[in-house]
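Containing TSV, C-alpha atoms: final12.tsv.
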```tsv
chain	number	residue	atom	x	y	z
S	1	MET	CA	-43.33	139.44	8.01
S	2	GLY	CA	-47.03	139.89	7.40
S	3	TYR	CA	-48.73	136.70	8.44
S	4	SER	CA	-51.44	137.11	5.84
S	5	THR	CA	-48.89	137.67	3.08
S	6	ILE	CA	-49.03	135.28	0.16
S	7	TYR	CA	-45.64	134.30	-1.24
S	8	ALA	CA	-44.57	133.24	-4.69
S	9	VAL	CA	-41.40	131.86	-6.19
S	10	SER	CA	-39.05	134.69	-7.21
S	11	GLY	CA	-38.93	134.36	-10.99
S	12	ASN	CA	-38.24	131.80	-13.68
S	13	ASP	CA	-34.70	131.05	-12.56
S	14	ILE	CA	-35.97	129.42	-9.38
S	15	VAL	CA	-36.94	125.84	-10.17
S	16	TYR	CA	-38.07	123.24	-7.67
S	17	GLU	CA	-39.35	119.75	-7.24
S	18	THR	CA	-40.27	117.46	-4.37
S	19	PHE	CA	-38.68	114.02	-4.42
S	20	ASP	CA	-40.20	111.53	-1.97
S	21	GLY	CA	-41.16	114.34	0.38
S	22	ASP	CA	-37.82	116.18	0.09
S	23	ALA	CA	-38.08	119.55	-1.62
S	24	VAL	CA	-35.11	120.62	-3.74
S	25	VAL	CA	-34.80	124.16	-5.04
S	26	LEU	CA	-32.27	125.39	-7.59
S	27	ASP	CA	-31.43	128.94	-8.56
S	28	LEU	CA	-30.33	128.68	-12.18
S	29	ALA	CA	-29.06	132.27	-12.10
S	30	SER	CA	-26.51	131.55	-9.37
S	31	GLY	CA	-26.10	127.77	-9.62
S	32	ARG	CA	-26.83	127.43	-5.90
S	33	TYR	CA	-29.19	124.71	-4.73
S	34	PHE	CA	-31.13	124.25	-1.52
S	35	GLY	CA	-32.35	121.37	0.60
S	36	PHE	CA	-34.64	121.37	3.59
S	37	SER	CA	-35.36	119.51	6.77
S	38	ASP	CA	-38.59	117.48	6.62
S	39	SER	CA	-40.64	120.26	8.22
S	40	GLY	CA	-38.88	122.83	6.01
S	41	SER	CA	-39.93	120.90	2.90
S	42	CYS	CA	-43.56	120.94	4.10
S	43	VAL	CA	-43.53	124.67	4.82
S	44	TRP	CA	-41.83	125.46	1.50
S	45	GLU	CA	-44.49	123.47	-0.33
S	46	ALA	CA	-47.24	125.18	1.65
S	47	LEU	CA	-45.91	128.68	0.97
S	48	ILE	CA	-45.56	128.15	-2.78
S	49	ALA	CA	-49.09	126.71	-2.79
S	50	GLN	CA	-50.21	130.15	-1.54
S	51	VAL	CA	-50.86	129.13	2.04
S	52	PRO	CA	-50.36	132.25	4.20
S	53	PRO	CA	-48.00	131.89	7.16
S	54	ALA	CA	-50.91	132.68	9.49
S	55	SER	CA	-52.41	129.33	8.54
S	56	LEU	CA	-49.25	127.57	9.62
S	57	VAL	CA	-48.61	129.16	13.01
S	58	GLY	CA	-49.57	126.78	15.79
S	59	ARG	CA	-49.77	123.76	13.49
S	60	THR	CA	-48.53	120.50	14.89
S	61	CYS	CA	-44.98	119.90	13.76
S	62	GLY	CA	-43.48	116.74	15.16
S	63	SER	CA	-43.61	116.83	18.93
S	64	GLY	CA	-44.29	120.59	19.05
S	65	GLN	CA	-46.01	123.37	17.20
S	66	LEU	CA	-44.82	125.79	14.53
S	67	SER	CA	-44.10	129.10	16.20
S	68	ALA	CA	-44.41	132.51	14.59
S	69	ALA	CA	-40.78	133.22	15.39
S	70	ASP	CA	-39.55	130.04	13.70
S	71	LEU	CA	-41.67	130.73	10.63
S	72	ASP	CA	-40.45	134.33	10.57
S	73	ALA	CA	-36.82	133.22	10.59
S	74	PHE	CA	-37.43	130.54	7.97
S	75	ILE	CA	-39.24	132.89	5.58
S	76	ALA	CA	-36.53	135.52	6.13
S	77	ARG	CA	-33.94	132.98	4.91
S	78	LEU	CA	-36.05	132.15	1.84
S	79	ASN	CA	-36.24	135.87	1.08
S	80	GLU	CA	-32.56	136.37	1.71
S	81	TYR	CA	-31.67	133.57	-0.70
S	82	GLY	CA	-33.95	135.11	-3.31
S	83	LEU	CA	-36.24	132.11	-3.51
S	84	LEU	CA	-39.56	133.60	-2.39
S	85	SER	CA	-41.09	137.05	-2.57
S	86	PRO	CA	-44.39	138.51	-1.37
S	87	ALA	CA	-46.97	138.25	-4.13
S	88	THR	CA	-49.84	140.57	-4.79
S	89	GLY	CA	-53.23	139.80	-6.23
S	90	MET	CA	-53.12	136.12	-5.42
S	91	ALA	CA	-55.80	134.28	-3.51
S	92	SER	CA	-54.81	132.43	-0.39
S	93	ALA	CA	-55.17	128.68	-0.19
S	94	ALA	CA	-55.81	126.32	2.69
S	95	LEU	CA	-53.17	123.88	3.87
S	96	SER	CA	-53.87	120.54	2.22
S	97	PRO	CA	-54.65	117.61	4.54
S	98	GLU	CA	-51.71	115.73	3.04
S	99	LEU	CA	-49.24	118.51	3.90
S	100	ALA	CA	-50.76	118.93	7.36
S	101	GLN	CA	-50.26	115.23	7.93
S	102	ARG	CA	-46.66	115.31	6.75
S	103	LEU	CA	-45.96	118.35	8.90
S	104	ALA	CA	-47.36	116.60	11.95
S	105	ALA	CA	-45.13	113.61	11.23
S	106	ALA	CA	-41.99	115.76	10.75
S	107	ARG	CA	-39.04	115.01	13.01
S	108	GLU	CA	-36.68	117.89	12.24
S	109	ALA	CA	-36.83	121.60	13.01
S	110	LEU	CA	-37.46	124.13	10.22
S	111	LYS	CA	-34.26	124.43	8.25
S	112	ILE	CA	-32.91	125.27	4.82
S	113	ASP	CA	-29.38	124.43	3.64
S	114	MET	CA	-27.65	126.23	0.79
S	115	HIS	CA	-25.06	124.43	-1.36
S	116	ASP	CA	-22.81	126.08	-3.91
S	117	GLU	CA	-20.18	123.47	-4.75
S	118	LEU	CA	-21.79	122.79	-8.15
S	119	ALA	CA	-22.42	126.46	-8.93
S	120	ASP	CA	-19.55	126.95	-11.40
S	121	LEU	CA	-20.56	123.78	-13.23
S	122	VAL	CA	-24.25	124.71	-13.41
S	123	MET	CA	-23.45	128.27	-14.46
S	124	VAL	CA	-21.53	127.26	-17.57
S	125	ASP	CA	-23.86	124.50	-18.62
S	126	PRO	CA	-25.39	125.31	-22.00
S	127	ILE	CA	-28.77	126.00	-20.46
S	128	HIS	CA	-27.57	129.55	-19.97
S	129	ASP	CA	-26.98	130.30	-23.62
S	130	VAL	CA	-29.26	132.92	-25.02
S	131	ASP	CA	-30.24	133.24	-28.64
S	132	GLU	CA	-29.78	136.97	-28.62
S	133	PRO	CA	-31.92	138.04	-31.56
S	134	ALA	CA	-34.82	135.96	-30.25
S	135	GLY	CA	-34.34	137.07	-26.68
S	136	TRP	CA	-34.75	135.19	-23.46
S	137	PRO	CA	-36.55	132.89	-22.84
S	138	ALA	CA	-37.66	132.18	-26.38
S	139	VAL	CA	-37.04	128.59	-27.36
S	140	LYS	CA	-36.77	127.91	-31.06
S	141	GLN	CA	-37.67	124.62	-32.63
R	142	MET	CA	1.50	111.74	-24.68
R	143	SER	CA	-1.27	109.77	-26.33
R	144	TYR	CA	-5.00	110.38	-26.15
R	145	SER	CA	-8.29	108.93	-27.31
R	146	VAL	CA	-11.13	111.19	-28.41
R	147	VAL	CA	-14.69	110.24	-27.51
R	148	ILE	CA	-17.54	111.91	-29.39
R	149	PRO	CA	-21.09	111.05	-28.32
R	150	ALA	CA	-23.39	111.86	-31.23
R	151	TRP	CA	-27.12	111.98	-31.70
R	152	ASN	CA	-28.60	113.28	-34.94
R	153	ALA	CA	-25.47	115.29	-35.58
R	154	ALA	CA	-25.32	115.00	-39.37
R	155	ARG	CA	-25.34	118.79	-39.78
R	156	THR	CA	-22.25	119.35	-37.67
R	157	ILE	CA	-20.17	116.27	-36.95
R	158	ALA	CA	-17.92	116.49	-40.02
R	159	GLU	CA	-16.74	119.93	-38.96
R	160	THR	CA	-16.19	118.68	-35.42
R	161	LEU	CA	-14.15	115.72	-36.69
R	162	ARG	CA	-12.01	117.95	-38.89
R	163	SER	CA	-11.23	120.20	-35.93
R	164	VAL	CA	-10.12	117.13	-33.95
R	165	ALA	CA	-8.04	115.72	-36.81
R	166	ALA	CA	-6.34	119.09	-37.27
R	167	GLN	CA	-4.83	119.15	-33.77
R	168	THR	CA	-1.13	119.94	-33.60
R	169	VAL	CA	-0.92	116.83	-31.38
R	170	PRO	CA	-3.06	114.31	-33.27
R	171	PRO	CA	-5.16	111.73	-31.39
R	172	ALA	CA	-4.32	108.03	-31.19
R	173	GLU	CA	-7.93	107.22	-32.03
R	174	ILE	CA	-11.31	108.89	-32.45
R	175	ILE	CA	-14.33	106.99	-31.16
R	176	VAL	CA	-17.77	108.15	-32.29
R	177	VAL	CA	-20.59	106.67	-30.22
R	178	ASP	CA	-23.80	107.10	-32.17
R	179	ASP	CA	-26.62	107.19	-29.65
R	180	GLY	CA	-29.32	105.87	-31.97
R	181	SER	CA	-29.34	108.65	-34.54
R	182	THR	CA	-32.16	108.66	-37.05
R	183	ASP	CA	-30.45	111.04	-39.47
R	184	GLU	CA	-27.37	110.69	-41.66
R	185	THR	CA	-24.85	110.92	-38.82
R	186	GLU	CA	-23.18	107.61	-39.72
R	187	ALA	CA	-22.88	108.38	-43.43
R	188	VAL	CA	-21.56	111.87	-42.81
R	189	THR	CA	-19.02	110.51	-40.32
R	190	ARG	CA	-17.78	107.83	-42.68
R	191	GLN	CA	-17.55	110.29	-45.56
R	192	SER	CA	-15.74	112.93	-43.52
R	193	GLY	CA	-12.31	111.62	-44.48
R	194	VAL	CA	-11.35	111.39	-40.80
R	195	PRO	CA	-10.61	107.84	-39.60
R	196	VAL	CA	-12.84	106.88	-36.67
R	197	ARG	CA	-14.02	103.87	-34.69
R	198	TYR	CA	-17.78	104.06	-35.12
R	199	VAL	CA	-20.04	102.32	-32.64
R	200	ARG	CA	-23.78	102.54	-32.45
R	201	GLN	CA	-26.11	101.96	-29.54
R	202	ASP	CA	-29.83	102.29	-28.90
R	203	ASN	CA	-30.76	105.80	-27.84
R	204	SER	CA	-29.83	106.01	-24.17
R	205	GLY	CA	-28.65	109.57	-23.63
R	206	PRO	CA	-25.42	111.54	-23.95
R	207	GLY	CA	-24.05	110.31	-20.63
R	208	SER	CA	-24.53	106.69	-21.60
R	209	ALA	CA	-22.83	107.28	-24.95
R	210	THR	CA	-19.94	109.02	-23.21
R	211	THR	CA	-19.54	106.14	-20.76
R	212	ARG	CA	-19.50	103.66	-23.65
R	213	GLY	CA	-16.74	105.68	-25.30
R	214	PHE	CA	-14.72	105.77	-22.07
R	215	ALA	CA	-14.90	101.98	-21.87
R	216	LEU	CA	-13.61	101.63	-25.44
R	217	ALA	CA	-10.79	104.19	-25.16
R	218	ARG	CA	-7.29	102.68	-25.10
R	219	ALA	CA	-4.99	105.68	-24.63
R	220	PRO	CA	-3.80	106.95	-21.21
R	221	PHE	CA	-5.71	110.22	-21.72
R	222	ILE	CA	-9.27	110.80	-22.92
R	223	ALA	CA	-10.54	113.97	-24.52
R	224	THR	CA	-14.22	114.42	-25.33
R	225	VAL	CA	-16.12	116.78	-27.58
R	226	ASP	CA	-19.80	117.23	-28.34
R	227	ALA	CA	-20.65	116.46	-31.95
R	228	ASP	CA	-21.53	120.06	-32.74
R	229	ASP	CA	-18.63	121.89	-31.09
R	230	LEU	CA	-15.13	122.65	-32.39
R	231	TRP	CA	-11.59	122.64	-31.07
R	232	LEU	CA	-8.99	125.23	-31.93
R	233	GLY	CA	-5.80	123.78	-33.43
R	234	ASP	CA	-3.48	123.78	-30.43
R	235	LYS	CA	-6.06	122.88	-27.77
R	236	ILE	CA	-4.69	119.48	-26.85
R	237	GLU	CA	-1.07	120.60	-27.10
R	238	ARG	CA	-1.76	123.37	-24.60
R	239	GLN	CA	-3.58	121.01	-22.28
R	240	PHE	CA	-0.74	118.49	-22.28
R	241	ARG	CA	1.67	121.31	-21.53
R	242	ARG	CA	-0.46	122.28	-18.53
R	243	LEU	CA	-0.54	118.67	-17.32
R	244	GLU	CA	3.25	118.57	-17.48
R	245	GLU	CA	3.48	121.80	-15.49
R	246	ALA	CA	0.89	120.63	-12.94
R	247	PRO	CA	1.07	116.83	-12.68
R	248	GLN	CA	-1.26	116.84	-9.68
R	249	LEU	CA	-4.16	117.71	-12.00
R	250	ALA	CA	-6.52	114.89	-13.00
R	251	ALA	CA	-7.87	116.85	-15.94
R	252	VAL	CA	-7.49	120.14	-17.76
R	253	PHE	CA	-10.28	122.26	-19.23
R	254	THR	CA	-10.21	125.44	-21.30
R	255	GLN	CA	-12.31	128.51	-21.85
R	256	TRP	CA	-14.77	128.32	-24.72
R	257	ARG	CA	-16.56	130.84	-26.88
R	258	THR	CA	-19.96	130.61	-28.52
R	259	PHE	CA	-20.58	130.97	-32.21
R	260	ARG	CA	-23.79	130.78	-34.17
R	261	HIS	CA	-24.47	127.85	-36.48
R	262	GLY	CA	-24.42	128.87	-40.11
R	263	GLU	CA	-22.37	131.98	-39.47
R	264	PRO	CA	-18.59	132.28	-39.40
R	265	ASP	CA	-17.00	132.59	-35.98
R	266	ASP	CA	-16.18	136.28	-35.71
R	267	GLY	CA	-14.63	136.03	-32.28
R	268	THR	CA	-17.33	138.09	-30.58
R	269	GLY	CA	-19.20	135.22	-28.88
R	270	LYS	CA	-19.59	134.87	-25.15
R	271	VAL	CA	-16.48	133.52	-23.41
R	272	THR	CA	-16.90	131.36	-20.32
R	273	PRO	CA	-14.88	128.73	-18.45
R	274	GLY	CA	-15.71	125.54	-20.32
R	275	TRP	CA	-16.39	123.08	-17.51
R	276	SER	CA	-17.83	120.82	-20.15
R	277	ARG	CA	-17.46	117.67	-22.20
R	278	THR	CA	-16.21	119.68	-25.17
R	279	THR	CA	-13.10	121.04	-23.47
R	280	MET	CA	-11.98	118.34	-21.08
R	281	LEU	CA	-8.83	116.23	-21.27
R	282	PHE	CA	-8.78	113.60	-18.50
R	283	ARG	CA	-6.35	111.01	-17.29
R	284	SER	CA	-8.12	107.83	-18.43
R	285	GLN	CA	-7.68	105.97	-15.15
R	286	VAL	CA	-9.23	108.84	-13.24
R	287	ALA	CA	-12.13	109.15	-15.67
R	288	LEU	CA	-12.90	105.45	-15.28
R	289	SER	CA	-12.62	105.64	-11.49
R	290	VAL	CA	-15.32	108.33	-11.31
R	291	GLY	CA	-17.80	105.85	-12.76
R	292	PRO	CA	-20.48	106.14	-15.42
R	293	VAL	CA	-21.78	109.43	-16.72
R	294	ILE	CA	-25.36	109.23	-15.51
R	295	ASP	CA	-28.14	110.78	-17.60
R	296	PRO	CA	-30.67	112.48	-15.35
R	297	PRO	CA	-34.28	112.38	-16.56
R	298	GLY	CA	-34.51	115.15	-19.16
R	299	ASN	CA	-31.01	114.44	-20.49
R	300	ARG	CA	-29.31	117.53	-19.19
R	301	GLY	CA	-26.79	118.23	-16.49
R	302	GLU	CA	-25.04	114.86	-16.79
R	303	MET	CA	-21.63	116.52	-16.89
R	304	VAL	CA	-22.50	118.73	-13.90
R	305	ASP	CA	-23.16	115.55	-11.96
R	306	TRP	CA	-20.10	113.66	-13.23
R	307	LEU	CA	-17.66	116.53	-12.72
R	308	GLY	CA	-19.17	117.21	-9.31
R	309	ARG	CA	-18.52	113.57	-8.40
R	310	ALA	CA	-14.96	113.81	-9.69
R	311	ARG	CA	-14.32	116.77	-7.39
R	312	GLU	CA	-16.02	115.01	-4.46
R	313	ASP	CA	-13.55	112.18	-5.00
R	314	GLY	CA	-10.76	114.68	-4.46
R	315	HIS	CA	-9.57	115.04	-8.06
R	316	GLN	CA	-8.18	118.42	-9.04
R	317	LEU	CA	-9.48	119.90	-12.27
R	318	GLY	CA	-7.46	122.62	-13.95
R	319	MET	CA	-8.65	125.42	-16.23
R	320	ILE	CA	-6.60	127.15	-18.94
R	321	ASP	CA	-7.69	130.78	-19.07
R	322	GLU	CA	-7.71	130.94	-22.83
R	323	VAL	CA	-10.31	130.10	-25.46
R	324	LEU	CA	-9.33	126.80	-27.06
R	325	ALA	CA	-12.79	125.51	-28.05
R	326	LEU	CA	-15.92	126.85	-29.69
R	327	ARG	CA	-19.46	126.08	-28.62
R	328	ARG	CA	-22.06	126.10	-31.34
R	329	ILE	CA	-25.39	127.77	-30.68
R	330	LEU	CA	-27.68	125.53	-32.65
R	331	PRO	CA	-31.37	126.12	-32.02
R	332	GLY	CA	-33.07	122.77	-31.59
R	333	SER	CA	-29.98	120.94	-30.38
R	334	MET	CA	-30.20	118.91	-27.21
R	335	SER	CA	-28.53	121.46	-24.98
R	336	TYR	CA	-30.06	124.63	-26.34
R	337	GLY	CA	-32.32	126.93	-24.38
R	338	ARG	CA	-34.63	126.49	-21.41
R	339	ASP	CA	-37.45	124.04	-20.95
R	340	PRO	CA	-39.20	123.08	-17.69
R	341	GLU	CA	-38.81	119.36	-18.23
R	342	ARG	CA	-35.09	119.72	-18.66
R	343	ASP	CA	-34.76	122.14	-15.73
R	344	ARG	CA	-35.77	119.14	-13.66
R	345	SER	CA	-32.60	117.38	-14.78
R	346	TYR	CA	-30.62	119.89	-12.79
R	347	LEU	CA	-32.86	119.39	-9.76
R	348	GLU	CA	-32.19	115.68	-9.99
R	349	VAL	CA	-28.44	116.37	-10.12
R	350	ALA	CA	-28.76	118.56	-7.00
R	351	ARG	CA	-30.81	115.89	-5.25
R	352	MET	CA	-28.24	113.19	-6.03
R	353	ALA	CA	-25.49	115.44	-4.61
R	354	MET	CA	-27.48	115.90	-1.40
R	355	LEU	CA	-28.17	112.17	-1.09
R	356	ARG	CA	-24.45	111.42	-1.50
R	357	ARG	CA	-23.64	114.00	1.17
R	358	LYS	CA	-26.22	112.49	3.50
R	359	LEU	CA	-24.78	109.00	2.98
R	360	LYS	CA	-21.27	110.25	3.54
R	361	ASN	CA	-22.25	112.06	6.75
R	362	ALA	CA	-24.13	108.98	7.97
R	363	GLY	CA	-21.02	106.90	7.31
R	364	GLN	CA	-18.93	109.27	9.37
R	365	GLY	CA	-21.47	109.53	12.18
```

Please rewrite the model in this file as structure tokens.
Amino acid sequence: MGYSTIYAVSGNDIVYETFDGDAVVLDLASGRYFGFSDSGSCVWEALIAQVPPASLVGRTCGSGQLSAADLDAFIARLNEYGLLSPATGMASAALSPELAQRLAAAREALKIDMHDELADLVMVDPIHDVDEPAGWPAVKQ
Amino acid sequence: MSYSVVIPAWNAARTIAETLRSVAAQTVPPAEIIVVDDGSTDETEAVTRQSGVPVRYVRQDNSGPGSATTRGFALARAPFIATVDADDLWLGDKIERQFRRLEEAPQLAAVFTQWRTFRHGEPDDGTGKVTPGWSRTTMLFRSQVALSVGPVIDPPGNRGEMVDWLGRAREDGHQLGMIDEVLALRRILPGSMSYGRDPERDRSYLEVARMAMLRRKLKNAGQG
């Protein structure tokens, strides 16, 4: 991992939202969804806000500090799941005070959990239908 | 075996008559057909009443497809409930085949079928995409089980309500069967509620995922 790398969400099929501090990510192409520990939610939000990992190493995270090794492993999982990819031509951003505060208050280690028990149901939901002549992702009115 | 049909409908005047005819044409006819109009502002009611198919027609303020489905479940009187979206179609022996499967596999709580897409305004030429229809349009449920799963909850954005409800049914331990044959047709109707992608509605699916994680957390806490 390059610590100055900026990351971006890997394409339109990856959708995400933070609910009361808990980030939820869904891959519409596979139907898999992902949840995080409290610190994992903070780091996910930081990375997609274009904060480089270098700005996170050594940050207070609960009773300890974020280590380069932990961040490395976490980002490797995000890559492996196809959620994040290195982005080019994007400016880096600073960690927001709000995220820094949440990270400091985190109580759990960096973690992401993958769930696939709804995948077959999500995959056949009509959201996946394509109007072929118009092409994806054109939406007609 | 006897079954009720529940059809949630919202501004379905263009399509509901064809849907009703496909239901009425089943080789095993339904005991009753319940149309729950979810506050349509078009001619859905008139088209339904003029379709020539006898129905129980109930109307509610616009609350979402899950709410309309739940209302229909509460009104259904037969020991089995089949549902269909107001723009989709059943093939003639759909229910007969599903009952046969339930007889062969009595442990199943519900039976689904494959479905194939067709384009609105064009005849079905059999070339549409075929997928397993884990959907409201294909399912035939034991009524008691359907009621035990609880209401069909509409996530904000009004999508994914069946993903959530069927996910909950499986979490409760109910076995859902799938017939590997196309017995229903799904209409591709640009502008319909379920068509295409839209960021606001993508969030519906995130809400469904979040609710699943919260349930898991609660369950794990209960076991801890």

_Contact set, chain R to chain S: 10 Å, only C-alpha atoms, as a PyMOL selection string_ = chain R and resi 256+258+260+270-276+300-305+307-309+311-312+327-340+342-344+346-351+353-354

*May I ask for the distance between CA of Pro296 in chain R and CA of Leu355 in chain R, given in Å to one decimal place?*
14.5 Å

*Please determine the residues with any atom at most 12 Å from (-5.3, 123.0, -19.5) (coordinates as given in the file, with only C-alpha atoms counting) and report them as number ranges by chain.*
R: 223, 234-247, 249-255, 273-275, 279-282, 316-325

Considering only C-alpha atoms, return as a tab-separated table (two decimals) with C-alpha atoms, in the coordinates of the input whatever protein or nucleic-acid residues lie within 9 Å of range 81-91 of chain S, sequence-local ones (same chain, fewer than 2 positions apart) excluded.
```tsv
chain	number	residue	atom	x	y	z
S	5	THR	CA	-48.89	137.67	3.08
S	6	ILE	CA	-49.03	135.28	0.16
S	7	TYR	CA	-45.64	134.30	-1.24
S	8	ALA	CA	-44.57	133.24	-4.69
S	9	VAL	CA	-41.40	131.86	-6.19
S	10	SER	CA	-39.05	134.69	-7.21
S	11	GLY	CA	-38.93	134.36	-10.99
S	14	ILE	CA	-35.97	129.42	-9.38
S	25	VAL	CA	-34.80	124.16	-5.04
S	26	LEU	CA	-32.27	125.39	-7.59
S	27	ASP	CA	-31.43	128.94	-8.56
S	47	LEU	CA	-45.91	128.68	0.97
S	48	ILE	CA	-45.56	128.15	-2.78
S	50	GLN	CA	-50.21	130.15	-1.54
S	75	ILE	CA	-39.24	132.89	5.58
S	76	ALA	CA	-36.53	135.52	6.13
S	77	ARG	CA	-33.94	132.98	4.91
S	78	LEU	CA	-36.05	132.15	1.84
S	79	ASN	CA	-36.24	135.87	1.08
S	93	ALA	CA	-55.17	128.68	-0.19
S	114	MET	CA	-27.65	126.23	0.79
```

Local residues around (-4.6, 108.7, -32.4), at most 8 Å away, using all atoms listed in the file, as a PDB file with C-alpha atoms, in the frame of the given file:
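Done, and the output landed in selection_16.pdb:
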```
ATOM      1  CA  SER R 143      -1.270 109.770 -26.330  1.00  0.00           C
ATOM      2  CA  TYR R 144      -5.000 110.380 -26.150  1.00  0.00           C
ATOM      3  CA  SER R 145      -8.290 108.930 -27.310  1.00  0.00           C
ATOM      4  CA  PRO R 170      -3.060 114.310 -33.270  1.00  0.00           C
ATOM      5  CA  PRO R 171      -5.160 111.730 -31.390  1.00  0.00           C
ATOM      6  CA  ALA R 172      -4.320 108.030 -31.190  1.00  0.00           C
ATOM      7  CA  GLU R 173      -7.930 107.220 -32.030  1.00  0.00           C
ATOM      8  CA  ILE R 174     -11.310 108.890 -32.450  1.00  0.00           C
TER       9      ILE R 174
END
```

*Nearest-residue call for Arg277 in chain R, choices R:Gln191, R:Ser289, R:Gln248, R:Thr224, using only C-alpha atoms*: R:Thr224

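Within 12 Å of Thr189 in chain R, once all atoms listed in the file are used and residues closer than 5 positions along the same chain are dropped, the contacting residues are R:Ile148, R:Ala150, R:Trp151, R:Asn152, R:Ala153, R:Ala154, R:Arg155, R:Thr156, R:Ile157, R:Ala158, R:Glu159, R:Thr160, R:Leu161, R:Arg162, R:Ile174, R:Ile175, R:Val176, R:Val177, R:Asp178, R:Ser181, R:Asp183, R:Glu184, R:Val194, R:Pro195, R:Val196, R:Arg197, R:Tyr198, R:Val199, R:Ala227.
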
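Note that CA of Met352 in chain R and CA of Gln364 in chain R are 18.4 Å apart.
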
*For Arg283 in chain R, the nearest of the candidates R:Val164, R:Phe221, R:Ser345, R:Thr210, counting all atoms listed in the file*: R:Phe221

Please define a box with edges along x, y and z of the file around all atoms of range 107-121 of chain S given in the file, extend it by 4 Å on each side, and return its centre and edge lengths in Å to one decimal, as AutoDock Vina command-line options.
```
--center_x -29.3 --center_y 121.0 --center_z -0.1 --size_x 27.5 --size_y 19.9 --size_z 34.2
```

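Atom to atom, CA of Val169 in chain R and CA of Asp265 in chain R stand 23.0 Å apart.
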
*Which neighbours of Ser4 in chain S fall inside 10 Å, counting all atoms listed in the file, when residues of the same chain fewer than 4 positions from it are skipped, and could you give them as a list in words?*
Val51, Pro52, Pro53, Ala54, Ser55 and Ser92 of chain S
